[in-house]
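A.B. asks: So here's data-v5.csv, just CSV, C-alpha atoms and all ligand atoms:
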chain,number,residue,atom,x,y,z
O,5,MET,CA,32.6,10.7,-3.5
O,6,THR,CA,29.0,10.3,-2.9
O,7,ALA,CA,27.4,7.6,-5.1
O,8,GLN,CA,24.5,8.1,-7.4
O,9,ILE,CA,21.5,6.1,-6.1
O,10,ILE,CA,20.0,3.8,-8.7
O,11,ASP,CA,16.3,4.1,-8.3
O,12,GLY,CA,15.0,0.6,-8.9
O,13,LYS,CA,11.4,1.6,-8.3
O,14,ALA,CA,11.4,4.3,-11.0
O,15,PHE,CA,13.3,2.0,-13.4
O,16,ALA,CA,10.9,-0.8,-12.8
O,17,ALA,CA,8.0,1.5,-13.5
O,18,LYS,CA,9.6,2.4,-16.9
O,19,VAL,CA,10.1,-1.2,-17.8
O,20,ARG,CA,6.4,-1.9,-16.9
O,21,GLU,CA,5.4,1.1,-19.1
O,22,LYS,CA,7.4,-0.3,-22.0
O,23,VAL,CA,5.8,-3.7,-21.5
O,24,ALA,CA,2.3,-2.2,-21.4
O,25,ALA,CA,2.9,-0.2,-24.6
O,26,HIS,CA,4.1,-3.3,-26.4
O,27,VAL,CA,1.2,-5.4,-25.1
O,28,ALA,CA,-1.3,-2.8,-26.4
O,29,ARG,CA,0.4,-2.9,-29.8
O,30,LEU,CA,0.2,-6.8,-29.8
O,31,LYS,CA,-3.5,-6.6,-29.1
O,32,ASP,CA,-4.2,-3.9,-31.8
O,33,ASP,CA,-2.0,-5.3,-34.5
O,34,HIS,CA,-2.3,-9.1,-33.9
O,35,GLY,CA,-5.3,-9.6,-31.6
O,36,ILE,CA,-3.0,-11.4,-29.1
O,37,THR,CA,-3.1,-10.9,-25.3
O,38,PRO,CA,-0.1,-12.3,-23.4
O,39,GLY,CA,-1.1,-14.6,-20.5
O,40,LEU,CA,0.8,-15.5,-17.3
O,41,ALA,CA,-0.2,-18.4,-15.1
O,42,VAL,CA,1.1,-18.5,-11.6
O,43,VAL,CA,0.9,-21.6,-9.5
O,44,LEU,CA,1.0,-21.4,-5.7
O,45,VAL,CA,1.0,-24.6,-3.6
O,46,GLY,CA,0.2,-24.0,0.1
O,47,GLU,CA,-0.3,-21.0,2.2
O,48,ASP,CA,3.1,-19.5,2.9
O,49,PRO,CA,2.2,-15.8,3.7
O,50,ALA,CA,5.2,-14.3,1.9
O,51,SER,CA,4.4,-16.3,-1.2
O,52,GLN,CA,0.8,-15.3,-1.1
O,53,VAL,CA,1.9,-11.6,-1.1
O,54,TYR,CA,4.3,-12.2,-4.1
O,55,VAL,CA,1.6,-14.0,-6.1
O,56,ARG,CA,-0.9,-11.2,-5.4
O,57,ASN,CA,1.5,-8.5,-6.5
O,58,LYS,CA,2.4,-10.5,-9.6
O,59,GLY,CA,-1.2,-10.9,-10.6
O,60,LYS,CA,-2.0,-7.2,-10.0
O,61,GLN,CA,0.9,-6.0,-12.0
O,62,THR,CA,0.2,-8.5,-14.8
O,63,ILE,CA,-3.3,-7.1,-15.2
O,64,GLU,CA,-2.1,-3.5,-15.0
O,65,CYS,CA,0.2,-4.2,-18.0
O,66,GLY,CA,-2.8,-5.3,-20.0
O,67,MET,CA,-1.9,-9.0,-19.9
O,68,SER,CA,-4.2,-11.9,-18.7
O,69,SER,CA,-3.4,-13.3,-15.3
O,70,PHE,CA,-4.4,-16.9,-14.3
O,71,GLU,CA,-3.8,-17.9,-10.6
O,72,HIS,CA,-3.9,-21.5,-9.5
O,73,LYS,CA,-3.9,-21.8,-5.8
O,74,LEU,CA,-3.6,-25.4,-4.6
O,75,PRO,CA,-3.7,-26.8,-1.1
O,76,ALA,CA,-0.5,-27.6,0.7
O,77,ASP,CA,-1.1,-31.4,0.5
O,78,THR,CA,-1.5,-31.4,-3.3
O,79,ALA,CA,-0.3,-34.6,-4.8
O,80,GLN,CA,2.7,-34.4,-7.2
O,81,GLU,CA,0.7,-36.1,-10.0
O,82,ASP,CA,-2.0,-33.5,-9.7
O,83,LEU,CA,0.5,-30.6,-9.9
O,84,LEU,CA,2.2,-32.2,-12.9
O,85,GLU,CA,-1.1,-32.7,-14.6
O,86,LEU,CA,-2.0,-29.0,-14.1
O,87,LEU,CA,1.4,-28.0,-15.6
O,88,ASP,CA,0.7,-30.2,-18.6
O,89,ARG,CA,-2.6,-28.5,-19.2
O,90,LEU,CA,-1.0,-25.0,-18.9
O,91,ASN,CA,1.8,-26.1,-21.2
O,92,ALA,CA,-0.8,-27.0,-23.8
O,93,ASP,CA,-3.0,-23.9,-23.4
O,94,PRO,CA,-2.4,-21.4,-26.2
O,95,GLU,CA,-3.7,-18.5,-24.1
O,96,ILE,CA,-0.9,-19.0,-21.6
O,97,HIS,CA,2.6,-17.8,-22.7
O,98,GLY,CA,4.3,-17.8,-19.3
O,99,ILE,CA,4.1,-20.2,-16.4
O,100,LEU,CA,5.6,-19.6,-12.9
O,101,VAL,CA,5.6,-22.1,-10.1
O,102,GLN,CA,6.0,-20.1,-6.9
O,103,LEU,CA,8.9,-21.5,-4.9
O,104,PRO,CA,9.6,-22.8,-2.3
O,105,LEU,CA,7.2,-25.8,-2.7
O,106,PRO,CA,6.1,-28.0,0.2
O,107,SER,CA,8.7,-30.6,1.0
O,108,HIS,CA,6.8,-33.6,-0.3
O,109,LEU,CA,7.1,-32.2,-3.8
O,110,ASP,CA,10.1,-32.8,-6.1
O,111,GLU,CA,11.1,-29.2,-7.0
O,112,GLU,CA,13.5,-30.2,-9.7
O,113,LEU,CA,11.0,-32.5,-11.4
O,114,ILE,CA,8.3,-29.8,-11.3
O,115,VAL,CA,10.4,-26.9,-12.5
O,116,ASN,CA,11.5,-29.1,-15.4
O,117,ARG,CA,7.9,-30.0,-16.3
O,118,VAL,CA,7.2,-26.4,-17.4
O,119,ASP,CA,7.5,-26.0,-21.2
O,120,PRO,CA,11.0,-24.2,-21.5
O,121,ASP,CA,9.4,-21.7,-23.9
O,122,LYS,CA,6.9,-20.7,-21.2
O,123,ASP,CA,9.4,-20.9,-18.4
O,124,VAL,CA,9.4,-17.2,-17.5
O,125,ASP,CA,11.5,-17.9,-14.3
O,126,GLY,CA,14.3,-19.2,-16.5
O,127,PHE,CA,14.9,-22.2,-14.1
O,128,HIS,CA,14.3,-25.0,-16.6
O,129,ILE,CA,17.5,-26.9,-17.2
O,130,SER,CA,17.3,-26.3,-20.9
O,131,ASN,CA,17.1,-22.5,-20.3
O,132,VAL,CA,20.1,-22.8,-17.9
O,133,GLY,CA,22.0,-24.6,-20.7
O,134,ARG,CA,20.9,-22.1,-23.4
O,135,LEU,CA,22.0,-19.2,-21.3
O,136,ALA,CA,25.4,-20.9,-20.5
O,137,THR,CA,26.0,-21.5,-24.2
O,138,GLY,CA,24.9,-18.0,-25.4
O,139,GLN,CA,21.7,-19.2,-27.1
O,140,LYS,CA,18.3,-17.4,-26.9
O,141,SER,CA,16.7,-18.4,-23.6
O,142,MET,CA,14.3,-17.3,-20.9
O,143,VAL,CA,16.5,-15.5,-18.4
O,144,PRO,CA,15.9,-15.6,-14.6
O,145,CYS,CA,14.1,-12.4,-13.5
O,146,THR,CA,16.4,-11.0,-10.8
O,147,PRO,CA,19.7,-11.2,-12.7
O,148,LEU,CA,17.9,-9.9,-15.8
O,149,GLY,CA,16.8,-6.9,-13.7
O,150,CYS,CA,20.3,-6.3,-12.5
O,151,LEU,CA,21.7,-6.5,-16.0
O,152,MET,CA,19.1,-3.9,-17.3
O,153,MET,CA,20.1,-1.6,-14.5
O,154,LEU,CA,23.8,-2.0,-15.2
O,155,ARG,CA,23.4,-1.4,-18.9
O,156,ASN,CA,21.2,1.7,-18.2
O,157,GLN,CA,23.8,3.0,-15.8
O,158,LEU,CA,27.0,2.2,-17.6
O,159,GLY,CA,26.1,1.7,-21.3
O,160,SER,CA,28.5,-0.9,-22.6
O,161,LEU,CA,29.8,-3.3,-20.0
O,162,SER,CA,32.5,-4.7,-22.3
O,163,GLY,CA,35.9,-5.2,-20.6
O,164,LYS,CA,34.7,-4.3,-17.1
O,165,GLU,CA,35.9,-6.3,-14.1
O,166,ALA,CA,32.8,-7.7,-12.5
O,167,VAL,CA,32.6,-9.6,-9.2
O,168,VAL,CA,29.4,-11.6,-8.3
O,169,ILE,CA,29.3,-12.6,-4.7
O,170,GLY,CA,27.1,-15.7,-4.4
O,171,ARG,CA,26.8,-18.7,-6.7
O,172,SER,CA,23.1,-19.8,-6.4
O,173,ASN,CA,21.3,-21.1,-9.4
O,174,ILE,CA,18.7,-18.4,-9.2
O,175,VAL,CA,20.9,-15.3,-8.8
O,176,GLY,CA,24.7,-15.7,-8.7
O,177,LYS,CA,25.4,-18.2,-11.5
O,178,PRO,CA,22.9,-16.7,-14.1
O,179,MET,CA,24.2,-13.2,-13.2
O,180,ALA,CA,27.7,-14.2,-13.9
O,181,GLN,CA,26.6,-15.7,-17.3
O,182,LEU,CA,24.8,-12.5,-18.2
O,183,LEU,CA,27.9,-10.4,-17.4
O,184,LEU,CA,30.1,-12.7,-19.4
O,185,GLY,CA,27.6,-12.4,-22.2
O,186,ASP,CA,28.2,-8.7,-22.1
O,187,SER,CA,31.9,-9.3,-22.2
O,188,CYS,CA,32.8,-8.5,-18.6
O,189,THR,CA,35.8,-10.2,-17.0
O,190,VAL,CA,33.8,-12.1,-14.3
O,191,THR,CA,34.8,-13.5,-11.0
O,192,ILE,CA,32.3,-15.5,-8.9
O,193,ALA,CA,32.9,-15.4,-5.2
O,194,HIS,CA,31.3,-17.6,-2.6
O,195,SER,CA,31.7,-18.8,1.0
O,196,ARG,CA,35.0,-20.4,0.3
O,197,THR,CA,36.6,-17.5,-1.4
O,198,ARG,CA,39.9,-16.5,0.2
O,199,ASP,CA,40.3,-12.8,0.8
O,200,LEU,CA,37.0,-11.6,-0.5
O,201,ALA,CA,38.0,-8.0,0.3
O,202,GLN,CA,40.8,-8.2,-2.2
O,203,VAL,CA,38.6,-9.8,-4.9
O,204,VAL,CA,35.9,-7.1,-4.5
O,205,ARG,CA,38.4,-4.3,-4.5
O,206,ARG,CA,39.3,-4.9,-8.2
O,207,ALA,CA,35.7,-4.8,-9.4
O,208,ASP,CA,34.2,-2.1,-11.6
O,209,ILE,CA,30.9,-3.9,-11.0
O,210,VAL,CA,29.9,-5.6,-7.7
O,211,VAL,CA,26.8,-7.7,-7.5
O,212,ALA,CA,26.2,-9.0,-4.0
O,213,ALA,CA,23.7,-11.9,-3.7
O,214,VAL,CA,24.6,-13.6,-0.4
O,215,GLY,CA,21.8,-13.1,2.2
O,216,ARG,CA,24.1,-11.7,5.0
O,217,PRO,CA,23.2,-8.3,6.3
O,218,ARG,CA,25.7,-5.5,5.4
O,219,MET,CA,28.6,-7.9,4.9
O,220,VAL,CA,30.3,-5.8,2.2
O,221,PRO,CA,31.7,-2.6,3.8
O,222,GLY,CA,32.6,0.5,1.8
O,223,GLU,CA,36.3,-0.1,2.3
O,224,TRP,CA,36.1,-3.1,0.0
O,225,ILE,CA,34.6,-1.0,-2.8
O,226,LYS,CA,36.8,0.4,-5.6
O,227,PRO,CA,36.2,4.1,-5.9
O,228,GLY,CA,33.7,4.8,-8.6
O,229,ALA,CA,32.4,1.2,-8.9
O,230,THR,CA,28.8,0.3,-9.6
O,231,VAL,CA,27.3,-1.7,-6.8
O,232,ILE,CA,24.1,-3.8,-7.2
O,233,ASP,CA,22.8,-5.2,-3.9
O,234,VAL,CA,20.5,-8.1,-4.4
O,235,GLY,CA,20.4,-9.1,-0.7
O,236,ILE,CA,17.2,-8.8,1.3
O,237,ASN,CA,17.8,-9.2,5.0
O,238,ARG,CA,15.5,-8.4,7.9
O,239,ILE,CA,17.2,-7.0,10.9
O,240,GLU,CA,16.0,-5.7,14.2
O,241,ALA,CA,15.4,-1.9,14.2
O,242,PRO,CA,15.2,-0.8,17.8
O,243,GLU,CA,15.3,2.8,16.6
O,244,LYS,CA,11.8,2.3,15.2
O,245,GLY,CA,10.5,1.3,18.6
O,246,ALA,CA,8.4,-1.7,19.6
O,247,ASN,CA,5.4,-3.5,18.1
O,248,GLU,CA,2.2,-3.7,20.0
O,249,ASP,CA,3.1,-7.1,21.4
O,250,GLY,CA,6.4,-5.6,22.7
O,251,SER,CA,8.6,-7.2,20.0
O,252,VAL,CA,11.3,-5.1,18.3
O,253,LYS,CA,10.4,-3.7,14.9
O,254,MET,CA,12.3,-5.0,11.9
O,255,ARG,CA,13.7,-3.3,8.8
O,256,LEU,CA,15.2,-4.5,5.5
O,257,VAL,CA,18.9,-4.1,4.7
O,258,GLY,CA,21.0,-5.4,1.8
O,259,ASP,CA,24.3,-7.4,1.7
O,260,VAL,CA,26.2,-4.2,1.3
O,261,ASP,CA,26.7,-1.7,4.0
O,262,PHE,CA,24.9,1.1,2.2
O,263,ASP,CA,26.1,4.1,4.2
O,264,SER,CA,29.8,3.4,3.9
O,265,ALA,CA,29.6,2.0,0.3
O,266,ALA,CA,27.7,5.1,-0.9
O,267,GLN,CA,30.7,7.2,0.1
O,268,VAL,CA,33.0,5.3,-2.3
O,269,ALA,CA,30.9,3.8,-5.1
O,270,GLY,CA,30.0,5.6,-8.3
O,271,ALA,CA,26.5,4.3,-8.2
O,272,ILE,CA,24.6,1.9,-5.8
O,273,THR,CA,21.2,0.3,-5.5
O,274,PRO,CA,19.4,0.8,-2.2
O,275,VAL,CA,17.6,-1.9,-0.2
O,276,PRO,CA,14.6,-1.7,-0.3
O,277,GLY,CA,13.9,0.1,-3.6
O,278,GLY,CA,16.7,-1.2,-5.8
O,279,VAL,CA,16.8,-4.7,-7.3
O,280,GLY,CA,13.5,-5.9,-5.6
O,281,PRO,CA,11.0,-3.9,-7.8
O,282,MET,CA,12.9,-5.0,-10.9
O,283,THR,CA,12.2,-8.7,-10.4
O,284,ILE,CA,8.4,-8.6,-11.1
O,285,ALA,CA,9.0,-6.1,-13.9
O,286,CYS,CA,11.3,-8.6,-15.5
O,287,LEU,CA,8.7,-11.4,-15.0
O,288,LEU,CA,6.3,-9.3,-17.0
O,289,ALA,CA,9.0,-8.6,-19.6
O,290,ASN,CA,9.7,-12.3,-19.9
O,291,THR,CA,6.0,-13.1,-20.3
O,292,LEU,CA,5.8,-10.6,-23.2
O,293,THR,CA,9.0,-12.0,-24.7
O,294,ALA,CA,7.6,-15.6,-24.5
O,295,CYS,CA,4.4,-14.5,-26.1
O,296,CYS,CA,6.2,-12.7,-29.0
O,297,ARG,CA,8.3,-15.8,-29.6
O,298,ALA,CA,5.3,-18.1,-29.5
O,299,ASN,CA,3.5,-16.0,-32.1
O,300,GLY,CA,6.5,-15.3,-34.3
O,301,VAL,CA,6.2,-11.5,-33.9
O,302,ALA,CA,9.0,-9.0,-33.2
O,303,GLU,CA,10.2,-8.9,-29.6
O,304,PRO,CA,10.5,-5.5,-27.8
O,305,GLU,CA,14.0,-4.1,-27.7
O,306,GLY,CA,15.8,-3.8,-24.4
O,307,LEU,CA,13.7,-6.2,-22.4
O,308,THR,CA,15.8,-9.3,-22.8
O,309,ALA,CA,19.4,-10.2,-22.5
O,401,LIG,P1,21.6,-18.6,-1.5
O,401,LIG,O1,21.5,-18.8,0.0
O,401,LIG,O2,21.0,-19.6,-2.4
O,401,LIG,O3,23.1,-18.3,-1.9
O,401,LIG,C1,23.9,-17.5,-1.2
O,401,LIG,C2,25.3,-17.5,-1.8
O,401,LIG,O4,26.1,-16.7,-0.9
O,401,LIG,C3,26.0,-18.9,-1.8
O,401,LIG,O5,26.6,-19.1,-3.0
O,401,LIG,C4,27.0,-18.8,-0.7
O,401,LIG,O6,28.2,-19.5,-0.9
O,401,LIG,C5,27.3,-17.3,-0.7
O,401,LIG,N1,27.9,-16.9,0.6
O,401,LIG,C6,27.4,-17.2,1.9
O,401,LIG,N2,28.2,-16.7,2.8
O,401,LIG,C7,29.2,-16.0,2.2
O,401,LIG,C8,30.3,-15.3,2.6
O,401,LIG,N3,30.6,-15.1,3.9
O,401,LIG,N4,31.1,-14.8,1.7
O,401,LIG,C9,30.9,-15.0,0.4
O,401,LIG,N5,29.8,-15.7,-0.1
O,401,LIG,C10,29.0,-16.2,0.8
O,401,LIG,O7,20.9,-17.2,-1.8
O,401,LIG,P2,20.2,-16.6,-3.1
O,401,LIG,O8,21.1,-16.5,-4.2
O,401,LIG,O9,18.9,-17.2,-3.3
O,401,LIG,O10,19.8,-15.1,-2.5
O,401,LIG,C11,20.8,-14.2,-2.1
O,401,LIG,C12,20.2,-13.0,-1.5
O,401,LIG,O11,19.4,-12.3,-2.5
O,401,LIG,C13,19.2,-13.2,-0.4
O,401,LIG,O12,19.3,-12.2,0.6
O,401,LIG,C14,17.8,-13.2,-1.0
O,401,LIG,O13,16.8,-12.8,-0.2
O,401,LIG,C15,18.1,-12.2,-2.1
O,401,LIG,N6,17.2,-12.3,-3.3
O,401,LIG,C16,16.6,-11.1,-3.7
O,401,LIG,C17,15.8,-11.1,-4.8
O,401,LIG,C18,15.2,-9.9,-5.2
O,401,LIG,O14,14.2,-9.9,-5.9
O,401,LIG,N7,15.8,-8.7,-4.9
O,401,LIG,C19,15.5,-12.4,-5.5
O,401,LIG,C20,16.3,-13.5,-5.0
O,401,LIG,C21,17.1,-13.4,-3.9
O,401,LIG,P3,28.3,-21.1,-1.0
O,401,LIG,O15,27.7,-21.5,-2.3
O,401,LIG,O16,29.7,-21.4,-0.9
O,401,LIG,O17,27.5,-21.6,0.2
As structure tokens, what does this structure read like?
C.D. replies:
Amino acid sequence: MTAQIIDGKAFAAKVREKVAAHVARLKDDHGITPGLAVVLVGEDPASQVYVRNKGKQTIECGMSSFEHKLPADTAQEDLLELLDRLNADPEIHGILVQLPLPSHLDEELIVNRVDPDKDVDGFHISNVGRLATGQKSMVPCTPLGCLMMLRNQLGSLSGKEAVVIGRSNIVGKPMAQLLLGDSCTVTIAHSRTRDLAQVVRRADIVVAAVGRPRMVPGEWIKPGATVIDVGINRIEAPEKGANEDGSVKMRLVGDVDFDSAAQVAGAITPVPGGVGPMTIACLLANTLTACCRANGVAEPEGLTA
């Protein structure tokens, strides 16, 4: 069998189109423009790139983008004060604090200072609780993107055996909650799981969110399974030659060994070009959802859990 490749880039573009169409209707019918505020503390180069991309895509969808770039030595009180202002600002419907934060800042305190209704990352403890108890919540973007791709690929997920590898608060655990919400039989595997191969072999759906390059080989995959690879790992790519400074070039791979898994799976996401592009698309979808809820207007269908 050769797996169908799930094109996350194309799917994310469709999600963004849907968001943009709904944003245009919100403006025309209600005079409302959704607004997303992104807060970046410090000068981490990767975070700067993410924040730039988020701002660009927010504007492309017709929403307002507010960027707050603060110096690395920003005092905690000042950051909390900014969040209080954003929480109170009616033009802002979504707030995202780019993680990781510099080490002198209390991440938990800061994440929980964001108004849960504007918490488009879905990390606030009250959103975590709402998701776990099946209530309406803001859902973390990466797992939401995975769920959308799975529903698009498989239709109903009810009764499927799903294995999530990884139990982090930002991917593994919310992913498992979402699959449970769609009536899968869910197993969460982690570094202490005994015989991971055996656990993965029974899964109709495998979501790998570990951070270990190509750790899941094709021989673990049940024939026909749908494989969602969340992992983003940089490995040396000597086949690409050397950089100008003589160092080896790098490339991205997932947690799944794509070449062998694609021989067995029914469908699989590539890395790059699979889950990655869906994350920002879901951030935009969450901002739109938060705006609709704040204004008591109908939410777009298919953009939430
Ligand atoms: P974490 O490091 O927070 O969690 C990794 C999880 O993998 C842990 O639960 C850990 O288990 C588990 N694990 C580690 N080693 C093994 C092993 N040998 N067997 C089974 N499980 C193992 O990572 P994240 O959840 O934040 O991210 C996971 C991956 O997803 C990373 O590559 C990250 O870059 C990527 N990512 C991609 C995103 C995207 O947009 N595409 C967004 C977010 C993350 P234990 O708890 O026991 O230690």
A.B. asks: Please extract the residues at most 6 Å from ligand LIG 401 (chain O), counting all atoms listed in the file, and provide them as a PyMOL selection string, using the chain letters and residue numbers of this document.
C.D. replies: chain O and resi 146+169-172+174-176+193-196+213-215+234-237+279-280+283
A.B. asks: Could you jot down the atom CA of Trp224 of chain O to atom CA of Phe262 of chain O separation for me, Å, one decimal place?
C.D. replies: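 Here the two named atoms are 12.2 Å from each other.
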A.B. asks: For atom CA of Pro94 of chain O and atom CA of Thr78 of chain O, determine how far apart the two atoms are, in Å to one decimal place.
C.D. replies: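 Between atom CA of Pro94 of chain O and atom CA of Thr78 of chain O the gap works out to 25.0 Å.
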A.B. asks: Work out how far atom CA of Asp125 of chain O is from atom CA of Pro144 of chain O, in Å to one decimal.
C.D. replies: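 So the two atoms, atom CA of Pro144 of chain O and atom CA of Asp125 of chain O, lie 5.0 Å apart.
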A.B. asks: Can you list every residue of segment 178-266 of chain O that has an atom at most 10 Å from segment 8-22 of chain O, with its nearest atom pair and the distance in Å to one decimal, using all atoms listed in the file, ordered by chain then number, as a Markdown table?
C.D. replies:
| residue | atom | partner | partner_atom | distance |
| --- | --- | --- | --- | --- |
| O:Gly228 | CA | O:Gln8 | CA | 9.8 |
| O:Thr230 | CA | O:Gln8 | CA | 9.2 |
| O:Val231 | CA | O:Ile10 | CA | 9.3 |
| O:Ile232 | CA | O:Ile10 | CA | 8.8 |
| O:Ala266 | CA | O:Gln8 | CA | 7.8 |
A.B. asks: Do a neighbour search on Gly126 of chain O at 9 Å with only C-alpha atoms, toss out local chain neighbours closer than 5 positions, and write the hits as a PyMOL selection string.
C.D. replies: chain O and resi 120+131-132+141-145+174+290
A.B. asks: Which residue is closest to Ala24 of chain O? Choose from O:Ser69, O:Leu200, O:Ala289, O:Thr308 and count all atoms listed in the file.
C.D. replies: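 Result for the nearest residue to Ala24 of chain O: O:Ala289.
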A.B. asks: For each of O:Leu182, O:Ile225, O:Leu40, O:Ala294, take the minimum atom-to-atom distance to Asp208 of chain O, counting all atoms listed in the file, then give the residue where this is smallest.
C.D. replies: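 Counting all atoms listed in the file, the residue closest to Asp208 of chain O is O:Ile225.
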A.B. asks: O:Ser68, O:Thr273, O:Gln181, O:Ser251: which is nearest Leu135 of chain O, counting all atoms listed in the file?
C.D. replies: O:Gln181
A.B. asks: Might you pull out every residue within 10 Å of Pro104 of chain O, with only C-alpha atoms counted and same-chain residues fewer than 4 positions away left off, and present them as a PyMOL selection string?
C.D. replies: chain O and resi 44-46+48+51+109+111
A.B. asks: Which residues are near Glu81 of chain O? Cut-off 12 Å, only C-alpha atoms, ignore same chain within fewer than 2 positions. Put them as a PDB file with C-alpha atoms, in the frame of the given file.
C.D. replies:
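Produced file result27.pdb, reproduced below:
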ATOM      1  CA  ASP O  77      -1.100 -31.400   0.500  1.00  0.00           C
ATOM      2  CA  THR O  78      -1.500 -31.400  -3.300  1.00  0.00           C
ATOM      3  CA  ALA O  79      -0.300 -34.600  -4.800  1.00  0.00           C
ATOM      4  CA  LEU O  83       0.500 -30.600  -9.900  1.00  0.00           C
ATOM      5  CA  LEU O  84       2.200 -32.200 -12.900  1.00  0.00           C
ATOM      6  CA  GLU O  85      -1.100 -32.700 -14.600  1.00  0.00           C
ATOM      7  CA  LEU O  86      -2.000 -29.000 -14.100  1.00  0.00           C
ATOM      8  CA  LEU O  87       1.400 -28.000 -15.600  1.00  0.00           C
ATOM      9  CA  ASP O  88       0.700 -30.200 -18.600  1.00  0.00           C
ATOM     10  CA  HIS O 108       6.800 -33.600  -0.300  1.00  0.00           C
ATOM     11  CA  LEU O 109       7.100 -32.200  -3.800  1.00  0.00           C
ATOM     12  CA  ASP O 110      10.100 -32.800  -6.100  1.00  0.00           C
ATOM     13  CA  LEU O 113      11.000 -32.500 -11.400  1.00  0.00           C
ATOM     14  CA  ILE O 114       8.300 -29.800 -11.300  1.00  0.00           C
ATOM     15  CA  ARG O 117       7.900 -30.000 -16.300  1.00  0.00           C
TER      16      ARG O 117
END
A.B. asks: Select, from O:Lys253, O:Lys244, O:Arg134, O:His34, the residue with the minimum atom-to-atom distance to Gly185 of chain O, counting all atoms listed in the file.
C.D. replies: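 Closest residue, counting all atoms listed in the file: O:Arg134.
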A.B. asks: Identify which of the residues O:Glu240, O:Asp263, O:Glu95, O:Glu248 lies closest to Pro221 of chain O, counting all atoms listed in the file when measuring atom-to-atom distances.
C.D. replies: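 Answer, going by the shortest atom-to-atom distance: O:Asp263.
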A.B. asks: Which of these residues is nearest to Ala212 of chain O, using all atoms listed in the file: O:Gly163, O:Gly133, O:Pro147, O:Pro75?
C.D. replies: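 The closest residue to Ala212 of chain O is O:Pro147.
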A.B. asks: Take the point (1.8, -15.9, -36.3) as written in the file and pick out every residue within 12 Å of it, counting only C-alpha atoms; give the list as a list of chain:residue names.
C.D. replies: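 Residues satisfying the cut-off, written out: O:Leu30, O:Asp33, O:His34, O:Gly35, O:Ile36, O:Cys295, O:Cys296, O:Arg297, O:Ala298, O:Asn299, O:Gly300, O:Val301, O:Ala302.
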A.B. asks: Restrict the selected residues to C-alpha atoms and save them as a PDB file, in the frame of the given file.
C.D. replies:
ATOM      1  CA  LEU O  30       0.200  -6.800 -29.800  1.00  0.00           C
ATOM      2  CA  ASP O  33      -2.000  -5.300 -34.500  1.00  0.00           C
ATOM      3  CA  HIS O  34      -2.300  -9.100 -33.900  1.00  0.00           C
ATOM      4  CA  GLY O  35      -5.300  -9.600 -31.600  1.00  0.00           C
ATOM      5  CA  ILE O  36      -3.000 -11.400 -29.100  1.00  0.00           C
ATOM      6  CA  CYS O 295       4.400 -14.500 -26.100  1.00  0.00           C
ATOM      7  CA  CYS O 296       6.200 -12.700 -29.000  1.00  0.00           C
ATOM      8  CA  ARG O 297       8.300 -15.800 -29.600  1.00  0.00           C
ATOM      9  CA  ALA O 298       5.300 -18.100 -29.500  1.00  0.00           C
ATOM     10  CA  ASN O 299       3.500 -16.000 -32.100  1.00  0.00           C
ATOM     11  CA  GLY O 300       6.500 -15.300 -34.300  1.00  0.00           C
ATOM     12  CA  VAL O 301       6.200 -11.500 -33.900  1.00  0.00           C
ATOM     13  CA  ALA O 302       9.000  -9.000 -33.200  1.00  0.00           C
TER      14      ALA O 302
END
A.B. asks: Name the residues in contact with Lys31 of chain O at a cut-off of 10 Å, using all atoms listed in the file, excluding same-chain residues fewer than 5 positions from it; report them as number ranges by chain.
C.D. replies: O: 26, 36-38, 66-67
A.B. asks: Can you list, as a compact mmCIF listing (two decimals) with C-alpha atoms, keeping the file's coordinate frame, every protein, DNA or RNA residue that comes within 10 Å of Pro217 of chain O when you count all atoms listed in the file, leaving out same-chain residues fewer than 4 positions away?
C.D. replies:
# COMPACT_ATOMS: atom_id res chain seq x y z
CA GLY O 235 20.40 -9.10 -0.70
CA ILE O 236 17.20 -8.80 1.30
CA ASN O 237 17.80 -9.20 5.00
CA ARG O 238 15.50 -8.40 7.90
CA ILE O 239 17.20 -7.00 10.90
CA LEU O 256 15.20 -4.50 5.50
CA VAL O 257 18.90 -4.10 4.70
CA GLY O 258 21.00 -5.40 1.80
CA ASP O 259 24.30 -7.40 1.70
CA VAL O 260 26.20 -4.20 1.30
CA ASP O 261 26.70 -1.70 4.00
A.B. asks: Using the file's own x, y and z axes, what box holds all listed atoms of segment 171-186 of chain O with 6 Å on each side, keeping edges along x, y and z, and what are its centre and edge lengths in Å to one decimal, as JSON?
C.D. replies:
{"center_x": 24.4, "center_y": -14.9, "center_z": -14.3, "size_x": 23.4, "size_y": 24.4, "size_z": 27.8}
